[in-house]
file start36.pdb (PDB, C-alpha atoms)
ATOM      1  CA  MET I   1     103.503  83.587 112.254  1.00  0.00           C
ATOM      2  CA  LEU I   2      99.822  83.091 111.584  1.00  0.00           C
ATOM      3  CA  GLY I   3      98.800  79.633 110.493  1.00  0.00           C
ATOM      4  CA  PHE I   4     101.744  77.824 112.055  1.00  0.00           C
ATOM      5  CA  LYS I   5     101.762  75.870 115.263  1.00  0.00           C
ATOM      6  CA  LYS I   6     103.570  77.832 117.931  1.00  0.00           C
ATOM      7  CA  ASN I   7     105.714  76.442 120.667  1.00  0.00           C
ATOM      8  CA  THR I   8     106.494  79.676 122.406  1.00  0.00           C
ATOM      9  CA  THR I   9     108.652  79.477 125.487  1.00  0.00           C
ATOM     10  CA  PRO I  10     109.064  82.223 128.079  1.00  0.00           C
ATOM     11  CA  VAL I  11     111.838  84.707 127.517  1.00  0.00           C
ATOM     12  CA  SER I  12     114.781  83.285 129.387  1.00  0.00           C
ATOM     13  CA  VAL I  13     116.730  84.991 132.146  1.00  0.00           C
ATOM     14  CA  ALA I  14     119.786  85.426 129.938  1.00  0.00           C
ATOM     15  CA  THR I  15     117.763  86.889 127.101  1.00  0.00           C
ATOM     16  CA  SER I  16     115.767  89.110 129.447  1.00  0.00           C
ATOM     17  CA  ALA I  17     118.996  90.665 130.652  1.00  0.00           C
ATOM     18  CA  LYS I  18     120.115  91.300 127.062  1.00  0.00           C
ATOM     19  CA  ILE I  19     116.793  92.890 126.200  1.00  0.00           C
ATOM     20  CA  ARG I  20     116.892  95.163 129.260  1.00  0.00           C
ATOM     21  CA  GLN I  21     120.447  96.189 128.458  1.00  0.00           C
ATOM     22  CA  THR I  22     119.467  96.914 124.860  1.00  0.00           C
ATOM     23  CA  ALA I  23     116.572  99.063 126.044  1.00  0.00           C
ATOM     24  CA  VAL I  24     118.887 100.998 128.360  1.00  0.00           C
ATOM     25  CA  ARG I  25     121.429 101.609 125.584  1.00  0.00           C
ATOM     26  CA  ILE I  26     118.765 102.912 123.221  1.00  0.00           C
ATOM     27  CA  ALA I  27     117.067 105.032 125.887  1.00  0.00           C
ATOM     28  CA  THR I  28     120.322 106.644 126.998  1.00  0.00           C
ATOM     29  CA  GLY I  29     121.862 106.892 123.536  1.00  0.00           C
ATOM     30  CA  LYS I  30     124.889 104.919 124.696  1.00  0.00           C
ATOM     31  CA  LEU I  31     124.895 102.605 121.688  1.00  0.00           C
ATOM     32  CA  ASN I  32     127.528  99.940 121.227  1.00  0.00           C
ATOM     33  CA  GLU I  33     129.275  98.965 117.981  1.00  0.00           C
ATOM     34  CA  SER I  34     126.655  96.344 117.188  1.00  0.00           C
ATOM     35  CA  ASP I  35     123.859  98.904 117.539  1.00  0.00           C
ATOM     36  CA  VAL I  36     125.638 101.396 115.292  1.00  0.00           C
ATOM     37  CA  ALA I  37     126.277  98.729 112.668  1.00  0.00           C
ATOM     38  CA  ALA I  38     122.618  97.677 112.745  1.00  0.00           C
ATOM     39  CA  ILE I  39     121.502 101.268 112.272  1.00  0.00           C
ATOM     40  CA  GLU I  40     123.843 101.643 109.308  1.00  0.00           C
ATOM     41  CA  ARG I  41     122.525  98.427 107.738  1.00  0.00           C
ATOM     42  CA  SER I  42     119.007  99.707 108.189  1.00  0.00           C
ATOM     43  CA  ARG I  43     119.815 103.015 106.504  1.00  0.00           C
ATOM     44  CA  GLU I  44     121.423 101.242 103.551  1.00  0.00           C
ATOM     45  CA  SER I  45     118.390  98.991 103.217  1.00  0.00           C
ATOM     46  CA  LEU I  46     115.961 101.911 103.304  1.00  0.00           C
ATOM     47  CA  ASN I  47     117.810 103.563 100.425  1.00  0.00           C
ATOM     48  CA  ARG I  48     116.936 100.702  98.054  1.00  0.00           C
ATOM     49  CA  PHE I  49     113.346 101.831  97.554  1.00  0.00           C
ATOM     50  CA  ASN I  50     111.148 104.840  98.009  1.00  0.00           C
ATOM     51  CA  VAL I  51     108.027 104.003  99.912  1.00  0.00           C
ATOM     52  CA  VAL I  52     104.600 105.590 100.019  1.00  0.00           C
ATOM     53  CA  TRP I  53     102.262 104.487 102.836  1.00  0.00           C
ATOM     54  CA  LYS I  54      98.562 104.744 102.041  1.00  0.00           C
TER      55      LYS I  54
ATOM     56  CA  MET H   1     112.903 111.275  98.707  1.00  0.00           C
ATOM     57  CA  THR H   2     115.129 110.245  95.822  1.00  0.00           C
ATOM     58  CA  THR H   3     113.751 109.531  92.359  1.00  0.00           C
ATOM     59  CA  ASP H   4     116.337 107.116  90.955  1.00  0.00           C
ATOM     60  CA  VAL H   5     115.223 104.122  93.006  1.00  0.00           C
ATOM     61  CA  PRO H   6     112.074 102.030  92.579  1.00  0.00           C
ATOM     62  CA  GLN H   7     108.964 103.201  94.384  1.00  0.00           C
ATOM     63  CA  LEU H   8     106.848 100.862  96.467  1.00  0.00           C
ATOM     64  CA  THR H   9     103.342 101.615  97.664  1.00  0.00           C
ATOM     65  CA  ILE H  10     102.229 100.086 100.953  1.00  0.00           C
ATOM     66  CA  GLU H  11      98.474 100.054 101.364  1.00  0.00           C
ATOM     67  CA  ARG H  12      96.109  98.767 104.063  1.00  0.00           C
ATOM     68  CA  ALA H  13      93.756  96.051 102.873  1.00  0.00           C
ATOM     69  CA  ASP H  14      90.698  94.509 104.528  1.00  0.00           C
ATOM     70  CA  ASP H  15      90.433  91.801 101.909  1.00  0.00           C
ATOM     71  CA  ILE H  16      92.809  89.399 100.175  1.00  0.00           C
ATOM     72  CA  SER H  17      91.265  89.875  96.725  1.00  0.00           C
ATOM     73  CA  ALA H  18      94.361  91.686  95.429  1.00  0.00           C
ATOM     74  CA  LEU H  19      96.412  88.597  96.302  1.00  0.00           C
ATOM     75  CA  SER H  20      94.646  86.172  93.955  1.00  0.00           C
ATOM     76  CA  ASP H  21      97.722  85.777  91.741  1.00  0.00           C
ATOM     77  CA  PHE H  22     100.241  86.139  94.534  1.00  0.00           C
ATOM     78  CA  SER H  23     102.722  83.347  95.246  1.00  0.00           C
ATOM     79  CA  CYS H  24     105.731  83.414  97.516  1.00  0.00           C
ATOM     80  CA  GLY H  25     106.752  79.986  96.256  1.00  0.00           C
ATOM     81  CA  LEU H  26     106.204  78.164  99.544  1.00  0.00           C
ATOM     82  CA  LYS H  27     103.074  76.016  99.292  1.00  0.00           C
ATOM     83  CA  SER H  28     102.093  76.069 102.950  1.00  0.00           C
ATOM     84  CA  MET H  29     102.287  79.862 103.048  1.00  0.00           C
ATOM     85  CA  ASP H  30     100.514  80.308  99.713  1.00  0.00           C
ATOM     86  CA  ASP H  31      97.723  78.006 100.872  1.00  0.00           C
ATOM     87  CA  PHE H  32      97.297  80.045 104.037  1.00  0.00           C
ATOM     88  CA  ILE H  33      97.287  83.344 102.137  1.00  0.00           C
ATOM     89  CA  HIS H  34      94.592  82.166  99.706  1.00  0.00           C
ATOM     90  CA  ASN H  35      92.356  80.297 102.145  1.00  0.00           C
ATOM     91  CA  ARG H  36      89.428  82.642 102.781  1.00  0.00           C
ATOM     92  CA  ASP H  37      87.762  80.475 105.410  1.00  0.00           C
ATOM     93  CA  LYS H  38      90.654  79.429 107.630  1.00  0.00           C
ATOM     94  CA  GLY H  39      93.610  81.446 106.405  1.00  0.00           C
ATOM     95  CA  LEU H  40      94.843  85.023 106.330  1.00  0.00           C
ATOM     96  CA  GLN H  41      91.423  86.493 105.480  1.00  0.00           C
ATOM     97  CA  LEU H  42      89.902  85.073 108.657  1.00  0.00           C
ATOM     98  CA  TYR H  43      92.558  86.677 110.887  1.00  0.00           C
ATOM     99  CA  VAL H  44      92.089  90.018 109.103  1.00  0.00           C
ATOM    100  CA  LYS H  45      88.303  89.752 109.382  1.00  0.00           C
ATOM    101  CA  LEU H  46      88.503  89.004 113.108  1.00  0.00           C
ATOM    102  CA  GLY H  47      90.661  92.079 113.674  1.00  0.00           C
ATOM    103  CA  ILE H  48      93.552  90.032 114.971  1.00  0.00           C
ATOM    104  CA  THR H  49      95.978  91.472 112.470  1.00  0.00           C
ATOM    105  CA  ASN H  50      96.197  94.363 110.013  1.00  0.00           C
ATOM    106  CA  LEU H  51      97.060  93.421 106.438  1.00  0.00           C
ATOM    107  CA  TRP H  52      99.298  95.602 104.286  1.00  0.00           C
ATOM    108  CA  ILE H  53      99.873  94.971 100.595  1.00  0.00           C
ATOM    109  CA  VAL H  54     103.058  96.162  98.899  1.00  0.00           C
ATOM    110  CA  LYS H  55     102.937  97.105  95.240  1.00  0.00           C
ATOM    111  CA  GLU H  56     105.322  98.315  92.600  1.00  0.00           C
ATOM    112  CA  SER H  57     103.104 100.100  90.111  1.00  0.00           C
ATOM    113  CA  GLN H  58     100.112  97.704  90.012  1.00  0.00           C
ATOM    114  CA  ALA H  59     102.068  94.515  90.691  1.00  0.00           C
ATOM    115  CA  VAL H  60     101.790  92.962  94.141  1.00  0.00           C
ATOM    116  CA  VAL H  61     105.338  92.622  95.397  1.00  0.00           C
ATOM    117  CA  ALA H  62     104.762  91.502  98.961  1.00  0.00           C
ATOM    118  CA  LEU H  63     102.386  91.472 101.887  1.00  0.00           C
ATOM    119  CA  PHE H  64     102.724  91.728 105.614  1.00  0.00           C
ATOM    120  CA  ALA H  65     100.387  91.678 108.586  1.00  0.00           C
ATOM    121  CA  LEU H  66     101.003  93.416 111.900  1.00  0.00           C
ATOM    122  CA  SER H  67      99.568  93.563 115.391  1.00  0.00           C
ATOM    123  CA  LYS H  68     100.607  94.923 118.760  1.00  0.00           C
ATOM    124  CA  ASN H  69     102.455  92.696 121.156  1.00  0.00           C
ATOM    125  CA  VAL H  70     104.674  92.806 124.176  1.00  0.00           C
ATOM    126  CA  LEU H  71     107.971  91.298 125.208  1.00  0.00           C
ATOM    127  CA  ARG H  72     107.330  89.909 128.691  1.00  0.00           C
ATOM    128  CA  LEU H  73     110.620  89.367 130.450  1.00  0.00           C
ATOM    129  CA  SER H  74     111.746  87.191 133.255  1.00  0.00           C
ATOM    130  CA  SER H  75     112.254  89.125 136.485  1.00  0.00           C
ATOM    131  CA  SER H  76     115.003  86.781 137.630  1.00  0.00           C
ATOM    132  CA  ASP H  77     117.768  88.634 135.844  1.00  0.00           C
ATOM    133  CA  LYS H  78     117.727  91.744 138.001  1.00  0.00           C
ATOM    134  CA  SER H  79     121.042  90.903 139.612  1.00  0.00           C
ATOM    135  CA  VAL H  80     122.653  91.498 136.212  1.00  0.00           C
ATOM    136  CA  LEU H  81     121.750  95.166 136.327  1.00  0.00           C
ATOM    137  CA  ASP H  82     122.157  95.414 140.093  1.00  0.00           C
ATOM    138  CA  ALA H  83     125.732  94.282 139.751  1.00  0.00           C
ATOM    139  CA  GLN H  84     126.555  97.172 137.460  1.00  0.00           C
ATOM    140  CA  GLY H  85     125.561  99.948 139.850  1.00  0.00           C
ATOM    141  CA  VAL H  86     122.329 101.173 138.402  1.00  0.00           C
ATOM    142  CA  SER H  87     121.575 104.577 136.956  1.00  0.00           C
ATOM    143  CA  ILE H  88     118.063 106.027 137.066  1.00  0.00           C
ATOM    144  CA  GLU H  89     117.431 104.712 133.556  1.00  0.00           C
ATOM    145  CA  GLU H  90     118.655 101.260 134.466  1.00  0.00           C
ATOM    146  CA  SER H  91     116.523 101.165 137.594  1.00  0.00           C
ATOM    147  CA  ILE H  92     113.444 101.935 135.498  1.00  0.00           C
ATOM    148  CA  PHE H  93     114.186  99.172 133.048  1.00  0.00           C
ATOM    149  CA  GLU H  94     115.160  96.823 135.850  1.00  0.00           C
ATOM    150  CA  SER H  95     111.655  96.973 137.258  1.00  0.00           C
ATOM    151  CA  LYS H  96     109.933  96.947 133.872  1.00  0.00           C
ATOM    152  CA  GLU H  97     108.788  93.489 132.864  1.00  0.00           C
ATOM    153  CA  THR H  98     106.900  94.300 129.658  1.00  0.00           C
ATOM    154  CA  TYR H  99     108.239  96.053 126.590  1.00  0.00           C
ATOM    155  CA  PRO H 100     105.871  97.194 123.824  1.00  0.00           C
ATOM    156  CA  SER H 101     106.442  95.705 120.418  1.00  0.00           C
ATOM    157  CA  ILE H 102     105.004  95.392 116.950  1.00  0.00           C
ATOM    158  CA  GLU H 103     104.412  91.781 116.001  1.00  0.00           C
ATOM    159  CA  ILE H 104     105.039  90.697 112.436  1.00  0.00           C
ATOM    160  CA  ASP H 105     102.197  88.206 112.090  1.00  0.00           C
ATOM    161  CA  TYR H 106     102.940  87.450 108.482  1.00  0.00           C
ATOM    162  CA  ILE H 107     105.310  88.591 105.771  1.00  0.00           C
ATOM    163  CA  ALA H 108     105.775  87.161 102.305  1.00  0.00           C
ATOM    164  CA  VAL H 109     107.503  88.400  99.162  1.00  0.00           C
ATOM    165  CA  SER H 110     106.360  87.379  95.699  1.00  0.00           C
ATOM    166  CA  LYS H 111     108.594  84.757  94.138  1.00  0.00           C
ATOM    167  CA  ASP H 112     108.801  87.079  91.123  1.00  0.00           C
ATOM    168  CA  TYR H 113     110.526  89.651  93.333  1.00  0.00           C
ATOM    169  CA  SER H 114     112.774  87.378  95.369  1.00  0.00           C
ATOM    170  CA  HIS H 115     116.473  88.191  95.826  1.00  0.00           C
ATOM    171  CA  LYS H 116     115.815  91.931  95.604  1.00  0.00           C
ATOM    172  CA  LYS H 117     116.109  92.392  99.365  1.00  0.00           C
ATOM    173  CA  ILE H 118     112.513  93.568  99.559  1.00  0.00           C
ATOM    174  CA  GLY H 119     111.882  91.551 102.727  1.00  0.00           C
ATOM    175  CA  SER H 120     114.681  93.234 104.647  1.00  0.00           C
ATOM    176  CA  PHE H 121     113.604  96.592 103.266  1.00  0.00           C
ATOM    177  CA  LEU H 122     110.089  96.031 104.590  1.00  0.00           C
ATOM    178  CA  ILE H 123     111.375  95.092 108.043  1.00  0.00           C
ATOM    179  CA  ASN H 124     113.301  98.356 108.157  1.00  0.00           C
ATOM    180  CA  ALA H 125     110.367 100.323 106.744  1.00  0.00           C
ATOM    181  CA  ILE H 126     108.133  98.907 109.480  1.00  0.00           C
ATOM    182  CA  ALA H 127     110.695  99.918 112.112  1.00  0.00           C
ATOM    183  CA  LYS H 128     110.963 103.414 110.646  1.00  0.00           C
ATOM    184  CA  ARG H 129     107.194 103.782 110.564  1.00  0.00           C
ATOM    185  CA  ALA H 130     107.046 102.656 114.207  1.00  0.00           C
ATOM    186  CA  VAL H 131     109.506 105.385 115.177  1.00  0.00           C
ATOM    187  CA  GLU H 132     107.516 108.014 113.308  1.00  0.00           C
ATOM    188  CA  ASP H 133     104.173 106.890 114.751  1.00  0.00           C
ATOM    189  CA  ASP H 134     103.611 108.919 117.907  1.00  0.00           C
ATOM    190  CA  PHE H 135     100.323 107.222 118.844  1.00  0.00           C
ATOM    191  CA  SER H 136     102.019 104.815 121.223  1.00  0.00           C
ATOM    192  CA  ALA H 137     105.573 103.901 122.114  1.00  0.00           C
ATOM    193  CA  THR H 138     107.106 100.859 120.485  1.00  0.00           C
ATOM    194  CA  MET H 139     110.500  99.524 121.482  1.00  0.00           C
ATOM    195  CA  PHE H 140     110.836  96.234 119.643  1.00  0.00           C
ATOM    196  CA  ILE H 141     109.700  94.276 116.625  1.00  0.00           C
ATOM    197  CA  THR H 142     108.825  90.676 117.413  1.00  0.00           C
ATOM    198  CA  VAL H 143     108.123  87.670 115.233  1.00  0.00           C
ATOM    199  CA  GLU H 144     107.418  83.960 115.386  1.00  0.00           C
ATOM    200  CA  ALA H 145     109.749  82.897 112.604  1.00  0.00           C
ATOM    201  CA  ILE H 146     108.847  79.746 110.721  1.00  0.00           C
ATOM    202  CA  ASP H 147     111.394  77.092 111.586  1.00  0.00           C
ATOM    203  CA  THR H 148     110.425  73.813 109.963  1.00  0.00           C
ATOM    204  CA  LYS H 149     112.241  71.107 108.020  1.00  0.00           C
ATOM    205  CA  GLU H 150     110.660  72.455 104.840  1.00  0.00           C
ATOM    206  CA  TYR H 151     111.693  76.032 105.371  1.00  0.00           C
ATOM    207  CA  SER H 152     113.221  78.245 108.020  1.00  0.00           C
ATOM    208  CA  ALA H 153     112.898  82.010 108.095  1.00  0.00           C
ATOM    209  CA  VAL H 154     115.325  82.265 110.992  1.00  0.00           C
ATOM    210  CA  PRO H 155     118.412  83.019 108.821  1.00  0.00           C
ATOM    211  CA  PHE H 156     116.483  85.806 107.093  1.00  0.00           C
ATOM    212  CA  TYR H 157     115.484  87.417 110.369  1.00  0.00           C
ATOM    213  CA  ARG H 158     119.003  87.106 111.744  1.00  0.00           C
ATOM    214  CA  LYS H 159     120.259  88.992 108.693  1.00  0.00           C
ATOM    215  CA  CYS H 160     117.684  91.636 109.584  1.00  0.00           C
ATOM    216  CA  ASP H 161     119.263  91.954 113.055  1.00  0.00           C
ATOM    217  CA  PHE H 162     116.670  89.924 114.920  1.00  0.00           C
ATOM    218  CA  LYS H 163     117.871  87.930 117.928  1.00  0.00           C
ATOM    219  CA  ASP H 164     116.543  84.679 119.293  1.00  0.00           C
ATOM    220  CA  SER H 165     114.428  85.493 122.316  1.00  0.00           C
ATOM    221  CA  GLU H 166     114.619  82.032 123.809  1.00  0.00           C
ATOM    222  CA  HIS H 167     117.710  80.402 125.124  1.00  0.00           C
ATOM    223  CA  GLY H 168     118.516  77.174 123.324  1.00  0.00           C
ATOM    224  CA  LEU H 169     118.681  75.119 126.486  1.00  0.00           C
ATOM    225  CA  ILE H 170     115.267  76.244 127.689  1.00  0.00           C
ATOM    226  CA  ARG H 171     113.779  75.605 124.263  1.00  0.00           C
ATOM    227  CA  ASN H 172     115.135  72.069 124.274  1.00  0.00           C
ATOM    228  CA  GLN H 173     113.786  71.460 127.755  1.00  0.00           C
ATOM    229  CA  ASN H 174     110.343  72.619 126.709  1.00  0.00           C
ATOM    230  CA  MET H 175     110.468  70.434 123.617  1.00  0.00           C
ATOM    231  CA  GLN H 176     111.227  67.483 125.872  1.00  0.00           C
ATOM    232  CA  ILE H 177     108.377  68.382 128.189  1.00  0.00           C
ATOM    233  CA  TYR H 178     105.798  68.855 125.460  1.00  0.00           C
ATOM    234  CA  GLY H 179     107.146  66.108 123.236  1.00  0.00           C
ATOM    235  CA  GLU H 180     106.793  67.965 119.981  1.00  0.00           C
ATOM    236  CA  GLU H 181     108.991  69.763 117.556  1.00  0.00           C
ATOM    237  CA  SER H 182     108.907  73.523 117.539  1.00  0.00           C
ATOM    238  CA  LEU H 183     107.614  74.966 114.313  1.00  0.00           C
ATOM    239  CA  THR H 184     108.379  78.590 115.019  1.00  0.00           C
ATOM    240  CA  ARG H 185     111.128  80.462 116.763  1.00  0.00           C
ATOM    241  CA  ARG H 186     110.452  83.591 118.777  1.00  0.00           C
ATOM    242  CA  MET H 187     112.716  86.486 117.775  1.00  0.00           C
ATOM    243  CA  TYR H 188     113.012  90.172 118.553  1.00  0.00           C
ATOM    244  CA  ARG H 189     114.745  93.237 117.202  1.00  0.00           C
ATOM    245  CA  PRO H 190     115.154  96.619 118.882  1.00  0.00           C
ATOM    246  CA  ILE H 191     113.737  99.715 117.242  1.00  0.00           C
ATOM    247  CA  TYR H 192     116.353 102.436 117.161  1.00  0.00           C
ATOM    248  CA  ARG H 193     114.951 105.933 117.372  1.00  0.00           C
ATOM    249  CA  THR H 194     117.539 107.117 114.872  1.00  0.00           C
ATOM    250  CA  THR H 195     116.442 104.563 112.257  1.00  0.00           C
TER     251      THR H 195
END

call {"tool": "encode", "arguments": {"input": "start36.pdb", "output": "structure tokens"}}
result
Amino acid sequence: MLGFKKNTTPVSVATSAKIRQTAVRIATGKLNESDVAAIERSRESLNRFNVVWK
Amino acid sequence: MTTDVPQLTIERADDISALSDFSCGLKSMDDFIHNRDKGLQLYVKLGITNLWIVKESQAVVALFALSKNVLRLSSSDKSVLDAQGVSIEESIFESKETYPSIEIDYIAVSKDYSHKKIGSFLINAIAKRAVEDDFSATMFITVEAIDTKEYSAVPFYRKCDFKDSEHGLIRNQNMQIYGEESLTRRMYRPIYRTT
């Protein structure tokens, strides 16, 4: 966030593993229940407004 | 496109002039947005971030600013994938230490439009746009979420399916080392190609 003091720490080992596993699931299409639920939430959200990018 | 829902226009802006009456209701953020010399305008002018202004009709509903970033991962977790018997895809990701992302540098919704779930809509619209943009691959959205005593955006981002990208223990250790309170929390969210 611009304008706020950052105290960024390196991505941890545990989180790195989760991120890699997420990337593999998305790349291979082998999504888990959490992924499918997130996609559904996203679709519902996108239906609230029409958007025009300029 | 359906016609029975409100329409928002999202437009690139090089200047904050359209935001003169904008208020998100949080003083520190409003001050930053309106400060031409040291605030949002400076970062836009320097090319550090791209500003987008969201309007409904002529009313400014929200703003956000984006840049490119990368998730740089620890390489010490490879045994996690090794232990699973790796496929070709897994072996590629095992050796990959950087993952391209879009960084949300700033996002604010007008206090007049709060509680309409515009913020979460914009997060999803950004993800959808990233999928549709074939200029370069993007796998994640990242953000430094404000996390102060005055206000924390972390619950909002969690509702938008962001995850904390730092382990609590490591964060606490770093806070002990540096002797200061963290004001932001690093978070990430995958971009699904089917979004």

call {"tool": "resolve_selection", "arguments": {"input": "start36.pdb", "expression": "the PyMOL selection byres ((chain H and resi 146) around 9)", "output": "ChimeraX atom specification"}}
result
/I:1,4 /H:144-145,147-148,151-154,183-185

call {"tool": "write_last_selection", "arguments": {"input": "start36.pdb", "atoms": "C-alpha atoms", "output": "PDB file, in the coordinates of the input"}}
result
ATOM      1  CA  MET I   1     103.503  83.587 112.254  1.00  0.00           C
ATOM      2  CA  PHE I   4     101.744  77.824 112.055  1.00  0.00           C
TER       3      PHE I   4
ATOM      4  CA  GLU H 144     107.418  83.960 115.386  1.00  0.00           C
ATOM      5  CA  ALA H 145     109.749  82.897 112.604  1.00  0.00           C
ATOM      6  CA  ASP H 147     111.394  77.092 111.586  1.00  0.00           C
ATOM      7  CA  THR H 148     110.425  73.813 109.963  1.00  0.00           C
ATOM      8  CA  TYR H 151     111.693  76.032 105.371  1.00  0.00           C
ATOM      9  CA  SER H 152     113.221  78.245 108.020  1.00  0.00           C
ATOM     10  CA  ALA H 153     112.898  82.010 108.095  1.00  0.00           C
ATOM     11  CA  VAL H 154     115.325  82.265 110.992  1.00  0.00           C
ATOM     12  CA  LEU H 183     107.614  74.966 114.313  1.00  0.00           C
ATOM     13  CA  THR H 184     108.379  78.590 115.019  1.00  0.00           C
ATOM     14  CA  ARG H 185     111.128  80.462 116.763  1.00  0.00           C
TER      15      ARG H 185
END

call {"tool": "resolve_selection", "arguments": {"input": "start36.pdb", "expression": "the PyMOL selection byres ((chain H and resi 99-101) around 7)", "output": "list in words"}}
result
Lys68, Asn69, Val70, Leu71, Arg72, Glu97, Thr98, Ile102, Glu103, Ala137, Thr138, Met139, Phe140, Ile141 and Thr142 of chain H

call {"tool": "residues_around", "arguments": {"input": "start36.pdb", "residues": "Thr28 in chain I", "least_positions_apart": "6", "cutoff": "12 Å", "atoms": "only C-alpha atoms", "output": "VMD selection string"}}
result
(chain I and resid 21 to 22) or (chain H and resid 87 to 90 92 to 93 192 to 193)

call {"tool": "resolve_selection", "arguments": {"input": "start36.pdb", "expression": "the PyMOL selection byres ((chain I and resi 20) around 9)", "output": "PyMOL selection string"}}
result
(chain I and resi 15-19+21-25) or (chain H and resi 73+81+90+93-94+96)

call {"tool": "write_last_selection", "arguments": {"input": "start36.pdb", "atoms": "C-alpha atoms", "output": "PDB file, keeping the file's coordinate frame"}}
result
ATOM      1  CA  THR I  15     117.763  86.889 127.101  1.00  0.00           C
ATOM      2  CA  SER I  16     115.767  89.110 129.447  1.00  0.00           C
ATOM      3  CA  ALA I  17     118.996  90.665 130.652  1.00  0.00           C
ATOM      4  CA  LYS I  18     120.115  91.300 127.062  1.00  0.00           C
ATOM      5  CA  ILE I  19     116.793  92.890 126.200  1.00  0.00           C
ATOM      6  CA  GLN I  21     120.447  96.189 128.458  1.00  0.00           C
ATOM      7  CA  THR I  22     119.467  96.914 124.860  1.00  0.00           C
ATOM      8  CA  ALA I  23     116.572  99.063 126.044  1.00  0.00           C
ATOM      9  CA  VAL I  24     118.887 100.998 128.360  1.00  0.00           C
ATOM     10  CA  ARG I  25     121.429 101.609 125.584  1.00  0.00           C
TER      11      ARG I  25
ATOM     12  CA  LEU H  73     110.620  89.367 130.450  1.00  0.00           C
ATOM     13  CA  LEU H  81     121.750  95.166 136.327  1.00  0.00           C
ATOM     14  CA  GLU H  90     118.655 101.260 134.466  1.00  0.00           C
ATOM     15  CA  PHE H  93     114.186  99.172 133.048  1.00  0.00           C
ATOM     16  CA  GLU H  94     115.160  96.823 135.850  1.00  0.00           C
ATOM     17  CA  LYS H  96     109.933  96.947 133.872  1.00  0.00           C
TER      18      LYS H  96
END

call {"tool": "closest_residue", "arguments": {"input": "start36.pdb", "among": "H:Cys24, H:Thr49, H:Tyr188, H:Lys55", "to": "His115 in chain H", "atoms": "all atoms listed in the file"}}
result
H:Cys24

call {"tool": "closest_residue", "arguments": {"input": "start36.pdb", "among": "H:Glu56, H:Ser28, H:Glu132, H:Val86", "to": "Val52 in chain I", "atoms": "all atoms listed in the file"}}
result
H:Glu56

call {"tool": "closest_residue", "arguments": {"input": "start36.pdb", "among": "H:Leu42, H:Ile123, H:Val109, H:Cys160", "to": "Ala38 in chain I", "atoms": "only C-alpha atoms"}}
result
H:Cys160

call {"tool": "residues_around", "arguments": {"input": "start36.pdb", "residues": "Lys128 in chain H", "least_positions_apart": "3", "cutoff": "10 Å", "atoms": "all atoms listed in the file", "output": "PyMOL selection string"}}
result
(chain I and resi 42-43+46) or (chain H and resi 122-125+131-133+191-195)

call {"tool": "write_last_selection", "arguments": {"input": "start36.pdb", "atoms": "C-alpha atoms", "output": "PDB file, in the coordinates of the input"}}
result
ATOM      1  CA  SER I  42     119.007  99.707 108.189  1.00  0.00           C
ATOM      2  CA  ARG I  43     119.815 103.015 106.504  1.00  0.00           C
ATOM      3  CA  LEU I  46     115.961 101.911 103.304  1.00  0.00           C
TER       4      LEU I  46
ATOM      5  CA  LEU H 122     110.089  96.031 104.590  1.00  0.00           C
ATOM      6  CA  ILE H 123     111.375  95.092 108.043  1.00  0.00           C
ATOM      7  CA  ASN H 124     113.301  98.356 108.157  1.00  0.00           C
ATOM      8  CA  ALA H 125     110.367 100.323 106.744  1.00  0.00           C
ATOM      9  CA  VAL H 131     109.506 105.385 115.177  1.00  0.00           C
ATOM     10  CA  GLU H 132     107.516 108.014 113.308  1.00  0.00           C
ATOM     11  CA  ASP H 133     104.173 106.890 114.751  1.00  0.00           C
ATOM     12  CA  ILE H 191     113.737  99.715 117.242  1.00  0.00           C
ATOM     13  CA  TYR H 192     116.353 102.436 117.161  1.00  0.00           C
ATOM     14  CA  ARG H 193     114.951 105.933 117.372  1.00  0.00           C
ATOM     15  CA  THR H 194     117.539 107.117 114.872  1.00  0.00           C
ATOM     16  CA  THR H 195     116.442 104.563 112.257  1.00  0.00           C
TER      17      THR H 195
END

call {"tool": "closest_residue", "arguments": {"input": "start36.pdb", "among": "H:Phe121, H:Met187, H:Asp134, H:Val60", "to": "chain I", "atoms": "only C-alpha atoms"}}
result
H:Phe121

call {"tool": "atom_distance", "arguments": {"input": "start36.pdb", "atom1": "CA of Ala13 in chain H", "atom2": "CA of Ile104 in chain H"}}
result
15.7 Å

call {"tool": "closest_residue", "arguments": {"input": "start36.pdb", "among": "H:Ser67, H:Ser74, H:Ser136, H:Asn50", "to": "chain I", "atoms": "only C-alpha atoms"}}
result
H:Ser74

call {"tool": "atom_distance", "arguments": {"input": "start36.pdb", "atom1": "CA of Asn35 in chain H", "atom2": "CA of Lys117 in chain H"}}
result
26.8 Å

call {"tool": "atom_distance", "arguments": {"input": "start36.pdb", "atom1": "CA of Val11 in chain I", "atom2": "CA of Ser45 in chain I"}}
result
28.9 Å

call {"tool": "axis_aligned_box", "arguments": {"input": "start36.pdb", "around": "range 22-36 of chain H", "padding_each_side": "4 Å", "output": "AutoDock Vina command-line options"}}
result
--center_x 98.1 --center_y 81.1 --center_z 99.3 --size_x 25.3 --size_y 18.1 --size_z 17.5
